[in-house]
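Chemist: This is input14.csv, which holds CSV, C-alpha atoms:
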```
chain,number,residue,atom,x,y,z
V,76,MET,CA,4.8,16.3,6.5
V,77,TYR,CA,6.3,16.8,3.1
V,78,THR,CA,10.1,17.3,2.9
V,79,VAL,CA,11.8,20.0,0.9
V,80,SER,CA,15.3,21.4,0.6
V,81,ASP,CA,16.8,23.7,3.2
V,82,ILE,CA,16.6,26.7,0.9
V,83,VAL,CA,12.9,26.2,0.3
V,84,SER,CA,12.2,25.3,3.9
V,85,SER,CA,13.9,28.6,5.0
V,86,LYS,CA,11.8,30.6,2.5
V,87,ILE,CA,8.6,29.0,3.6
V,88,GLU,CA,9.2,30.3,7.1
V,89,SER,CA,10.0,33.8,5.9
V,90,TYR,CA,7.6,36.7,5.6
V,91,CYS,CA,9.4,37.7,2.3
V,92,ARG,CA,7.9,35.2,-0.1
V,93,THR,CA,5.7,34.9,-3.1
V,94,TRP,CA,3.7,31.8,-4.0
V,95,ARG,CA,2.5,30.6,-7.4
V,96,MET,CA,0.1,27.8,-8.2
V,97,GLU,CA,0.2,25.4,-11.1
V,98,LEU,CA,-2.2,22.9,-12.7
V,99,GLU,CA,-0.9,20.2,-14.9
V,100,ASP,CA,-2.8,17.8,-17.1
V,101,THR,CA,-1.4,15.4,-19.7
V,102,ASN,CA,-1.4,18.1,-22.4
V,103,SER,CA,-0.9,21.5,-20.8
V,104,ILE,CA,0.3,23.5,-17.8
V,105,LEU,CA,-1.7,26.4,-16.3
V,106,THR,CA,0.6,28.6,-14.2
V,107,GLY,CA,1.4,32.0,-12.9
V,108,ASP,CA,-1.0,35.0,-12.7
V,109,LYS,CA,-3.9,33.1,-14.4
V,110,ILE,CA,-4.7,31.3,-11.1
V,111,VAL,CA,-6.0,34.4,-9.2
V,112,SER,CA,-7.0,32.7,-5.9
V,113,ALA,CA,-7.7,29.3,-4.5
V,114,SER,CA,-8.8,27.8,-1.2
V,115,SER,CA,-8.7,24.1,-0.1
V,116,THR,CA,-10.5,21.9,2.4
V,117,ALA,CA,-9.2,18.7,3.9
V,118,GLN,CA,-10.2,16.7,7.0
V,119,SER,CA,-9.5,13.5,8.8
V,120,THR,CA,-13.0,13.3,10.5
V,121,SER,CA,-16.5,13.6,9.1
V,122,LEU,CA,-17.8,14.9,12.4
V,123,SER,CA,-17.9,18.6,13.2
V,124,ASP,CA,-17.0,18.2,16.9
V,125,ASP,CA,-15.0,15.0,17.5
V,126,ILE,CA,-12.1,12.9,16.3
V,127,GLU,CA,-13.1,9.8,14.5
V,128,LEU,CA,-11.9,6.3,13.6
V,129,GLY,CA,-12.5,5.2,10.0
V,130,ALA,CA,-13.3,8.6,8.5
V,131,VAL,CA,-12.8,8.6,4.7
V,132,CYS,CA,-13.1,12.2,3.5
V,133,SER,CA,-12.4,13.7,0.1
V,134,GLN,CA,-10.3,16.9,-0.3
V,135,SER,CA,-11.1,19.8,-2.6
V,136,TRP,CA,-9.9,23.1,-4.0
V,137,ASN,CA,-12.0,26.1,-5.1
V,138,MET,CA,-10.2,28.2,-7.6
V,139,THR,CA,-10.7,31.4,-9.6
V,140,ILE,CA,-8.9,31.4,-12.9
V,141,SER,CA,-8.6,34.1,-15.5
V,142,ASP,CA,-9.0,31.7,-18.4
V,143,THR,CA,-12.4,31.3,-20.1
V,144,GLU,CA,-11.2,29.5,-23.2
V,145,THR,CA,-10.1,26.2,-21.6
V,146,ALA,CA,-12.7,23.5,-21.0
V,147,PHE,CA,-11.9,22.2,-17.5
V,148,LEU,CA,-14.9,20.1,-16.5
V,149,GLY,CA,-14.1,16.4,-16.1
V,150,LYS,CA,-10.4,16.8,-16.6
V,151,GLU,CA,-7.8,15.6,-14.1
V,152,TYR,CA,-5.0,17.8,-12.9
V,153,ASP,CA,-1.9,17.5,-10.7
V,154,THR,CA,-1.8,20.6,-8.4
V,155,TYR,CA,1.4,22.3,-7.2
V,156,LEU,CA,2.5,25.2,-5.2
V,157,TYR,CA,6.0,26.8,-5.6
V,158,LEU,CA,7.9,29.8,-4.3
V,159,VAL,CA,9.1,32.4,-6.7
V,160,ASP,CA,12.9,32.9,-7.1
V,161,TYR,CA,13.2,36.7,-7.0
V,162,GLU,CA,16.5,36.7,-8.9
V,163,THR,CA,15.2,34.7,-11.9
V,164,SER,CA,11.4,35.0,-11.5
V,165,GLY,CA,11.4,31.2,-11.9
V,166,ILE,CA,10.8,28.4,-9.4
V,167,LEU,CA,12.9,28.6,-6.3
V,168,ALA,CA,15.4,25.7,-6.3
V,169,GLY,CA,13.4,24.2,-9.1
V,170,GLU,CA,11.1,22.6,-6.4
V,171,LYS,CA,7.4,22.3,-6.8
V,172,ILE,CA,5.3,21.1,-3.9
V,173,PRO,CA,2.7,18.6,-4.9
V,174,MET,CA,-0.7,19.4,-3.4
V,175,GLY,CA,-2.8,16.5,-4.9
V,176,HIS,CA,-4.4,15.0,-7.9
V,177,PHE,CA,-7.9,16.4,-8.6
V,178,THR,CA,-10.8,16.1,-11.0
V,179,CYS,CA,-12.7,19.3,-12.0
V,180,VAL,CA,-16.3,18.5,-10.9
V,181,LYS,CA,-17.7,22.0,-11.3
V,182,SER,CA,-17.0,24.9,-13.6
V,183,LYS,CA,-18.8,28.3,-13.7
V,184,LYS,CA,-17.8,31.2,-16.0
V,185,SER,CA,-18.3,34.8,-14.8
V,186,GLY,CA,-17.0,37.7,-16.8
V,187,GLY,CA,-13.4,37.2,-17.6
V,188,SER,CA,-12.8,34.4,-15.1
V,189,VAL,CA,-14.0,30.9,-14.2
V,190,GLN,CA,-14.7,29.4,-10.8
V,191,LEU,CA,-13.6,25.8,-10.5
V,192,THR,CA,-14.2,23.1,-7.9
V,193,MET,CA,-11.5,20.4,-8.0
V,194,ALA,CA,-12.0,17.2,-5.9
V,195,ASP,CA,-10.0,14.0,-5.4
V,196,ARG,CA,-11.4,10.7,-6.5
V,197,LEU,CA,-13.1,10.0,-3.1
V,198,TYR,CA,-15.6,12.6,-4.3
V,199,PHE,CA,-17.2,9.7,-6.3
V,200,SER,CA,-17.1,7.1,-3.5
V,201,ASP,CA,-20.7,7.6,-2.3
V,202,LYS,CA,-21.8,5.2,-5.1
V,203,PRO,CA,-22.9,1.7,-4.1
V,204,TYR,CA,-20.1,-0.8,-3.8
V,205,VAL,CA,-20.5,-3.7,-6.2
V,206,PRO,CA,-17.6,-6.1,-5.8
V,207,HIS,CA,-15.6,-7.0,-8.9
V,208,ILE,CA,-13.9,-9.8,-7.0
V,209,PRO,CA,-15.2,-12.9,-5.3
V,210,ILE,CA,-16.6,-12.5,-1.7
V,211,PRO,CA,-15.5,-13.7,0.9
V,212,ASN,CA,-12.0,-12.2,0.3
V,213,TRP,CA,-9.2,-10.5,2.2
V,214,ASN,CA,-9.4,-6.9,3.3
V,215,ARG,CA,-6.5,-6.0,1.1
V,216,SER,CA,-8.3,-7.4,-2.0
V,217,VAL,CA,-11.5,-5.5,-1.2
V,218,GLU,CA,-9.5,-2.2,-0.7
V,219,ASP,CA,-7.7,-2.8,-4.0
V,220,ASP,CA,-11.0,-3.4,-5.7
V,221,ILE,CA,-12.6,-0.2,-4.5
V,222,CYS,CA,-9.5,1.8,-5.4
V,223,ARG,CA,-9.5,0.4,-8.9
V,224,GLN,CA,-13.2,1.3,-9.3
V,225,LEU,CA,-12.5,4.9,-8.2
V,226,GLY,CA,-9.4,5.3,-10.4
V,227,LEU,CA,-7.1,5.4,-7.5
V,228,GLN,CA,-3.8,3.6,-6.7
V,229,ASN,CA,-3.8,1.9,-3.3
V,230,GLY,CA,-0.8,3.4,-1.6
V,231,ASN,CA,-1.0,1.1,1.5
V,232,ASP,CA,1.9,-1.3,1.7
V,233,TYR,CA,0.6,-4.6,2.9
V,234,THR,CA,4.0,-6.3,2.4
V,235,GLU,CA,5.8,-4.4,5.1
V,236,VAL,CA,6.1,-6.1,8.5
V,237,ARG,CA,5.6,-3.6,11.3
V,238,LEU,CA,6.4,-3.9,14.9
V,239,LEU,CA,3.5,-3.2,17.2
V,240,ARG,CA,4.1,-0.2,19.4
V,241,ASP,CA,2.3,1.5,22.2
V,242,LYS,CA,1.3,5.2,22.2
V,243,ASN,CA,4.8,6.1,23.4
V,244,GLY,CA,6.5,4.3,20.6
V,245,ARG,CA,7.7,1.4,22.7
V,246,ARG,CA,7.8,-2.1,21.2
V,247,LEU,CA,5.0,-4.4,22.4
V,248,ILE,CA,6.2,-7.7,23.9
V,249,ASP,CA,4.1,-10.6,25.1
V,250,LYS,CA,4.3,-12.3,28.4
V,251,ASN,CA,7.0,-14.7,27.1
V,252,GLY,CA,9.2,-11.8,25.9
V,253,LYS,CA,8.3,-12.2,22.2
V,254,VAL,CA,8.3,-9.1,20.1
V,255,LEU,CA,4.8,-8.6,18.6
V,256,TYR,CA,4.4,-7.5,15.0
V,257,SER,CA,1.6,-7.3,12.4
V,258,LYS,CA,1.3,-7.4,8.6
V,259,TYR,CA,-1.3,-4.7,8.5
V,260,PHE,CA,-4.1,-6.5,10.3
V,261,TYR,CA,-5.1,-9.0,7.6
V,262,PHE,CA,-8.7,-10.2,8.0
V,263,LYS,CA,-11.5,-11.7,5.9
V,264,VAL,CA,-14.4,-9.7,4.5
V,265,SER,CA,-17.0,-12.4,4.7
V,266,SER,CA,-19.9,-10.5,3.1
V,267,VAL,CA,-20.8,-7.0,1.8
V,268,PRO,CA,-23.6,-5.2,3.7
V,269,LYS,CA,-26.7,-4.4,1.6
V,270,ASP,CA,-26.6,-0.9,-0.1
V,271,VAL,CA,-23.2,-0.2,1.4
V,272,THR,CA,-21.2,2.6,-0.5
V,273,MET,CA,-17.6,2.5,-1.4
V,274,ARG,CA,-16.8,5.2,1.1
V,275,GLN,CA,-18.5,3.1,3.9
V,276,MET,CA,-16.5,0.0,2.9
V,277,LEU,CA,-13.3,1.9,3.0
V,278,SER,CA,-14.3,3.3,6.4
V,279,TYR,CA,-14.9,-0.2,7.8
V,280,LEU,CA,-11.5,-1.3,6.5
V,281,ALA,CA,-9.8,1.7,7.9
V,282,SER,CA,-11.4,1.7,11.4
V,283,ALA,CA,-10.6,-2.0,11.8
V,284,GLN,CA,-7.0,-1.0,11.7
V,285,GLY,CA,-7.4,2.1,13.9
V,286,GLU,CA,-6.9,4.6,11.1
V,287,PHE,CA,-8.7,7.0,8.8
V,288,GLY,CA,-8.4,7.2,5.0
V,289,TYR,CA,-7.6,9.9,2.5
V,290,VAL,CA,-6.0,10.6,-0.9
V,291,ASP,CA,-2.4,11.9,-0.4
V,292,ARG,CA,-0.6,14.6,-2.4
V,293,TYR,CA,0.4,12.0,-5.0
V,294,GLY,CA,-3.2,10.9,-5.7
V,295,LYS,CA,-2.8,7.6,-3.8
V,296,TYR,CA,-5.3,6.3,-1.3
V,297,VAL,CA,-3.6,5.9,2.1
V,298,ARG,CA,-4.5,5.3,5.7
V,299,LYS,CA,-2.9,6.7,8.8
V,300,TRP,CA,-3.3,7.7,12.5
V,301,TYR,CA,-1.8,10.6,14.3
V,302,GLY,CA,1.8,10.2,15.3
V,303,LYS,CA,4.6,12.3,16.8
V,304,SER,CA,4.7,16.1,16.4
V,305,VAL,CA,6.3,17.2,13.1
V,306,LYS,CA,6.8,20.9,13.8
V,307,THR,CA,6.5,23.5,16.6
V,308,LEU,CA,4.5,26.7,16.0
V,309,ASP,CA,4.7,29.9,18.0
V,310,ASN,CA,3.2,33.3,18.0
V,311,ASN,CA,5.6,34.6,15.4
V,312,THR,CA,3.8,32.8,12.6
V,313,ILE,CA,0.3,32.3,13.9
V,314,ASP,CA,-2.5,34.3,15.5
V,315,LEU,CA,-3.2,33.4,19.1
V,316,PRO,CA,-5.1,30.0,19.0
V,317,THR,CA,-8.3,29.1,20.7
V,318,LEU,CA,-7.5,26.1,23.0
V,319,SER,CA,-9.7,23.9,25.1
V,320,GLU,CA,-9.2,24.2,28.9
V,321,ARG,CA,-8.2,20.6,29.3
V,322,GLN,CA,-6.9,17.8,27.1
V,323,ASN,CA,-9.1,15.3,25.4
V,324,VAL,CA,-7.9,11.8,26.3
V,325,ILE,CA,-9.1,8.5,24.7
V,326,PHE,CA,-10.0,6.3,27.7
V,327,GLY,CA,-12.1,3.7,25.8
V,328,ILE,CA,-13.5,2.4,22.6
V,329,VAL,CA,-16.9,0.8,21.8
V,330,CYS,CA,-17.6,-0.9,18.5
V,331,LYS,CA,-21.0,-2.1,17.4
V,332,VAL,CA,-20.5,-5.2,15.3
V,333,ASN,CA,-24.2,-6.0,14.8
V,334,ASP,CA,-27.4,-5.7,16.7
V,335,ASP,CA,-26.4,-8.6,18.9
V,336,THR,CA,-22.7,-7.9,19.4
V,337,THR,CA,-20.8,-4.9,20.8
V,338,LEU,CA,-17.1,-5.0,21.7
V,339,SER,CA,-15.3,-2.6,24.0
V,340,LEU,CA,-12.0,-1.9,25.7
V,341,GLY,CA,-10.8,0.5,28.2
V,342,VAL,CA,-13.1,2.7,30.3
V,343,THR,CA,-16.5,3.1,28.6
V,344,ASP,CA,-18.0,5.5,31.2
V,345,THR,CA,-18.1,8.7,29.1
V,346,THR,CA,-17.9,10.8,32.3
V,347,GLN,CA,-14.3,9.6,32.8
V,348,GLY,CA,-13.0,10.7,29.5
V,349,ARG,CA,-13.3,10.4,25.7
V,350,VAL,CA,-14.8,7.1,24.5
V,351,LEU,CA,-14.7,6.5,20.7
V,352,GLU,CA,-17.8,4.8,19.5
V,353,PHE,CA,-18.1,3.4,15.9
V,354,GLU,CA,-19.7,0.6,13.9
V,355,ASN,CA,-17.8,-2.1,12.0
V,356,PRO,CA,-19.3,-5.4,11.0
V,357,TYR,CA,-15.8,-6.9,10.5
V,358,MET,CA,-14.5,-6.1,14.0
V,359,THR,CA,-13.1,-8.9,16.1
V,360,GLU,CA,-11.7,-9.0,19.6
V,361,SER,CA,-8.1,-9.4,18.3
V,362,LEU,CA,-8.5,-6.5,15.9
V,363,LEU,CA,-9.9,-4.3,18.6
V,364,GLN,CA,-7.0,-5.2,21.0
V,365,SER,CA,-4.5,-4.4,18.3
V,366,LEU,CA,-5.8,-1.0,17.5
V,367,TRP,CA,-6.5,-0.2,21.1
V,368,ARG,CA,-2.8,-0.7,21.9
V,369,ARG,CA,-2.0,2.1,19.4
V,370,ILE,CA,-4.8,4.7,20.1
V,371,GLY,CA,-5.5,4.1,23.8
V,372,GLY,CA,-4.5,7.1,25.8
V,373,PHE,CA,-4.1,9.4,22.8
V,374,SER,CA,-4.5,13.0,24.0
V,375,TRP,CA,-4.9,16.3,22.3
V,376,TYR,CA,-6.2,19.8,22.7
V,377,THR,CA,-9.3,21.0,20.8
V,378,THR,CA,-7.8,23.9,18.8
V,379,GLU,CA,-8.5,26.5,16.2
V,380,LEU,CA,-5.7,28.6,14.8
V,381,TYR,CA,-4.8,30.8,11.9
V,382,HIS,CA,-1.4,30.2,10.4
V,383,ARG,CA,-0.3,33.5,8.8
V,384,LEU,CA,2.7,31.8,7.1
V,385,GLY,CA,0.7,28.9,5.7
V,386,ASP,CA,2.9,25.8,5.3
V,387,PRO,CA,2.1,23.5,2.3
V,388,ARG,CA,4.3,20.8,3.8
V,389,PHE,CA,1.6,20.0,6.3
V,390,ASP,CA,-0.6,17.0,5.6
V,391,ILE,CA,-3.9,16.1,7.2
V,392,GLY,CA,-3.3,13.9,10.2
V,393,ASP,CA,0.1,15.5,11.0
V,394,VAL,CA,0.6,16.6,14.6
V,395,VAL,CA,2.0,20.1,15.4
V,396,THR,CA,3.0,21.5,18.7
V,397,TYR,CA,2.0,25.0,19.8
V,398,THR,CA,4.2,26.8,22.3
V,399,ASN,CA,3.5,30.1,24.1
V,400,GLY,CA,7.0,30.1,25.6
V,401,THR,CA,5.8,28.4,28.7
V,402,ASP,CA,3.5,25.5,27.9
V,403,ASN,CA,3.3,23.1,24.9
V,404,TYR,CA,0.1,21.8,23.3
V,405,ASP,CA,0.0,18.9,20.9
V,406,ILE,CA,-2.5,19.5,18.0
V,407,PRO,CA,-3.5,16.8,15.6
V,408,ILE,CA,-4.5,18.4,12.3
V,409,THR,CA,-8.0,17.1,11.7
V,410,ASN,CA,-9.0,20.1,9.5
V,411,LEU,CA,-6.7,21.9,7.2
V,412,GLY,CA,-7.6,24.7,4.8
V,413,PHE,CA,-5.2,26.7,2.6
V,414,ASN,CA,-5.9,30.2,1.2
V,415,PHE,CA,-3.8,31.2,-1.8
V,416,ASP,CA,-3.8,34.7,-3.5
V,417,GLY,CA,-0.1,35.1,-4.2
V,418,GLY,CA,0.5,34.7,-0.5
V,419,LEU,CA,-0.4,31.6,1.5
V,420,SER,CA,-2.2,31.2,4.8
V,421,ALA,CA,-3.9,28.3,6.5
V,422,ASP,CA,-6.7,27.5,8.9
V,423,ILE,CA,-5.8,24.6,11.2
V,424,SER,CA,-8.1,22.9,13.7
V,425,ALA,CA,-8.2,19.9,15.9
V,426,VAL,CA,-11.8,19.0,16.7
V,427,GLY,CA,-12.9,17.7,20.0
V,428,LEU,CA,-15.7,17.9,22.6
V,429,SER,CA,-15.9,21.2,24.5
V,430,VAL,CA,-15.2,21.2,28.2
V,431,GLU,CA,-19.0,21.5,28.9
V,432,GLU,CA,-19.6,18.4,26.8
V,433,GLN,CA,-17.0,16.4,28.7
V,434,LEU,CA,-18.5,17.1,32.1
```
Could you rewrite the structure in this file as structure tokens?
Modeler:
Amino acid sequence: MYTVSDIVSSKIESYCRTWRMELEDTNSILTGDKIVSASSTAQSTSLSDDIELGAVCSQSWNMTISDTETAFLGKEYDTYLYLVDYETSGILAGEKIPMGHFTCVKSKKSGGSVQLTMADRLYFSDKPYVPHIPIPNWNRSVEDDICRQLGLQNGNDYTEVRLLRDKNGRRLIDKNGKVLYSKYFYFKVSSVPKDVTMRQMLSYLASAQGEFGYVDRYGKYVRKWYGKSVKTLDNNTIDLPTLSERQNVIFGIVCKVNDDTTLSLGVTDTTQGRVLEFENPYMTESLLQSLWRRIGGFSWYTTELYHRLGDPRFDIGDVVTYTNGTDNYDIPITNLGFNFDGGLSADISAVGLSVEEQL
């Protein structure tokens, strides 16, 4: 979740607010009333009905702009939202909220306006991966290589030592009392599968570490998994959500390494709970154990909700808590779509199998 000042935070949660959008490239800024409307899509899963390890999804904006003179196609833009200061008609507290770095991939003129489709650099990742580095090589080097080919900065910090923790945030300690830690699951990529795409390779590297990948609001490629709740939502700012009757709980994982090898941990009987199944040619038993310690037992409610006071501080993969005054429901944001027209609303969902599918 993006952090802003107290004055901007208070205004975001107020019904008395006006938003403006801004596009910046190296030579110009397009702001104000010229951006008539815009809608975004972002997701942390490529599946329509389930959470996923290793999803690598591009984010996009569709915009209507009252400017038919500018040539947009192929240009790259930094995108911002900001609140209007009613006293000065300027930017409230001088704070613009970055919403991402995008390339215009489609442009259609109609009358006095133009419809644009803006996408992040993962939009181009379905091309075959041809290594520009020696193979075999370390996963970090492969990830760096793909990011360079896509024109992305790799925002994953491989130098930071991280303590391994369980799903409740407790430090993991071995039988001898030694604190366990990891330097981001280093492993060797021994070979590159035939006809594999850059997106598929990034997916393998992400799922091996129990994460999904996306381009953040600064235009960097990052990986993450769902953590603690960042905000509580109630019926004052959202319409009544649609919630599953029972929680989804990850009881097991199954990874197909190749035709002869399948690794698994936890309960793999799908009648007992959620079992995540995925393919990864680089998976090892130690990698699987490491990621299982973090995601095993993860629980959430399948949810769809309309956020009347759309909050641009939310990021894909954030967890929010919905409260009805009696019960609390943790909701990982797997799908996030903003709708801008001077106001700002959001469609938020957490995908998951229906109750019938879990029986």
Chemist: Using all atoms listed in the file, pick whichever of V:Asn214, V:Thr359, V:Thr139, V:Thr317 has the shortest atom-to-atom distance to Ser114 (chain V).
Modeler: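 Answer, going by the shortest atom-to-atom distance: V:Thr139.
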Chemist: Of the candidates V:Val329, V:Leu366, V:Met174, V:Val350, which one gets nearest to Met76 (chain V) if we count all atoms listed in the file?
Modeler: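 That would be V:Met174, the residue with the smallest distance to Met76 (chain V).
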Chemist: One decimal, Å: what's the distance from CA of Ser278 (chain V) over to CA of Trp213 (chain V), could you say?
Modeler: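 Between these atoms lies a distance of 15.3 Å.
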Chemist: For CA of Ile210 (chain V) and CA of Gln284 (chain V), quote the distance in Å rounded to one decimal.
Modeler: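 Taking CA of Ile210 (chain V) as the start and CA of Gln284 (chain V) as the end point, the length is 20.1 Å.
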Chemist: Dig up all the protein and nucleic acid residues within 7 Å of (-15.8, -4.8, 24.0) in the file frame, using only C-alpha atoms, and format them as a PyMOL selection string.
Modeler: chain V and resi 329-330+337-340
Chemist: Kindly indicate which residue among V:Gly230, V:Gly427, V:Gly418, V:Pro268 lies nearest to Arg95 (chain V), using only C-alpha atoms for the distances.
Modeler: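 The closest residue to Arg95 (chain V) is V:Gly418.
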Chemist: Find the residue from V:Gly285, V:Gly302, V:Pro209, V:Gly400 that sits nearest to Ser266 (chain V); use all atoms listed in the file when measuring.
Modeler: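 Distance minimum relative to Ser266 (chain V) lands on V:Pro209.
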Chemist: Pick out the closest residue to Tyr357 (chain V) from this set: V:Pro211, V:Pro173, V:Pro203, V:Gly186. Count only C-alpha atoms.
Modeler: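 Closest to Tyr357 (chain V) of all the choices is V:Pro211.
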Chemist: At what distance in Å, to one decimal, does CA of Lys306 (chain V) lie from CA of Ser424 (chain V)?
Modeler: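 Going from CA of Ser424 (chain V) over to CA of Lys306 (chain V), I get 15.0 Å.
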Chemist: Here's a test: counting all atoms listed in the file, identify every protein, DNA and RNA residue with an atom at most 8 Å from (5.4, 20.0, 22.7) in the file's coordinate frame, and state them as a ChimeraX atom specification.
Modeler: /V:304,307,396-398,402-405
Chemist: Leaving out Asp344 (chain V) and any residue of its chain fewer than 4 positions from it, which residues lie within 9 Å of it when counting only C-alpha atoms, given as a PDB file with C-alpha atoms, in the coordinates of the input?
Modeler:
```pdb
ATOM      1  CA  PHE V 326     -10.000   6.300  27.700  1.00  0.00           C
ATOM      2  CA  GLY V 327     -12.100   3.700  25.800  1.00  0.00           C
ATOM      3  CA  GLY V 348     -13.000  10.700  29.500  1.00  0.00           C
ATOM      4  CA  ARG V 349     -13.300  10.400  25.700  1.00  0.00           C
ATOM      5  CA  VAL V 350     -14.800   7.100  24.500  1.00  0.00           C
TER       6      VAL V 350
END
```
Chemist: With distances taken over only C-alpha atoms, which of V:Ile110, V:Leu98, V:Met273, V:Ile104 is nearest to Asp416 (chain V)?
Modeler: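 Going through V:Ile110, V:Leu98, V:Met273, V:Ile104 one by one, the smallest distance to Asp416 (chain V) is for V:Ile110.
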Chemist: Add whatever atoms are absent from region 273-290 of chain V to reach N, CA and C atoms, and provide the output as a compact mmCIF listing (two decimals), in the coordinates of the input.
Modeler:
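Saved result, result04.txt, follows:
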```
# COMPACT_ATOMS: atom_id res chain seq x y z
N MET V 273 -19.01 2.67 -1.43
CA MET V 273 -17.60 2.50 -1.40
C MET V 273 -16.90 3.21 -0.30
N ARG V 274 -17.40 4.39 0.00
CA ARG V 274 -16.80 5.20 1.10
C ARG V 274 -17.04 4.41 2.44
N GLN V 275 -18.23 3.84 2.64
CA GLN V 275 -18.50 3.10 3.90
C GLN V 275 -17.62 1.88 4.00
N MET V 276 -17.40 1.19 2.88
CA MET V 276 -16.50 0.00 2.90
C MET V 276 -15.11 0.39 3.26
N LEU V 277 -14.60 1.44 2.65
CA LEU V 277 -13.30 1.90 3.00
C LEU V 277 -13.18 2.32 4.44
N SER V 278 -14.27 2.88 4.96
CA SER V 278 -14.30 3.30 6.40
C SER V 278 -14.23 2.07 7.28
N TYR V 279 -14.96 1.01 6.96
CA TYR V 279 -14.90 -0.20 7.80
C TYR V 279 -13.45 -0.77 7.78
N LEU V 280 -12.83 -0.80 6.59
CA LEU V 280 -11.50 -1.30 6.50
C LEU V 280 -10.47 -0.50 7.25
N ALA V 281 -10.68 0.82 7.24
CA ALA V 281 -9.80 1.70 7.90
C ALA V 281 -9.94 1.66 9.45
N SER V 282 -11.20 1.67 9.91
CA SER V 282 -11.40 1.70 11.40
C SER V 282 -11.01 0.37 12.00
N ALA V 283 -11.09 -0.73 11.24
CA ALA V 283 -10.60 -2.00 11.80
C ALA V 283 -9.15 -2.02 12.06
N GLN V 284 -8.43 -1.07 11.46
CA GLN V 284 -7.00 -1.00 11.70
C GLN V 284 -6.62 0.27 12.48
N GLY V 285 -7.64 0.94 13.04
CA GLY V 285 -7.40 2.10 13.90
C GLY V 285 -6.89 3.29 13.14
N GLU V 286 -7.42 3.51 11.95
CA GLU V 286 -6.90 4.60 11.10
C GLU V 286 -8.07 5.31 10.42
N PHE V 287 -7.75 6.38 9.70
CA PHE V 287 -8.70 7.00 8.80
C PHE V 287 -8.06 7.00 7.39
N GLY V 288 -8.85 7.26 6.36
CA GLY V 288 -8.40 7.20 5.00
C GLY V 288 -8.49 8.49 4.25
N TYR V 289 -7.58 8.73 3.33
CA TYR V 289 -7.60 9.90 2.50
C TYR V 289 -6.76 9.73 1.28
N VAL V 290 -6.85 10.64 0.32
CA VAL V 290 -6.00 10.60 -0.90
C VAL V 290 -4.83 11.56 -0.62
```
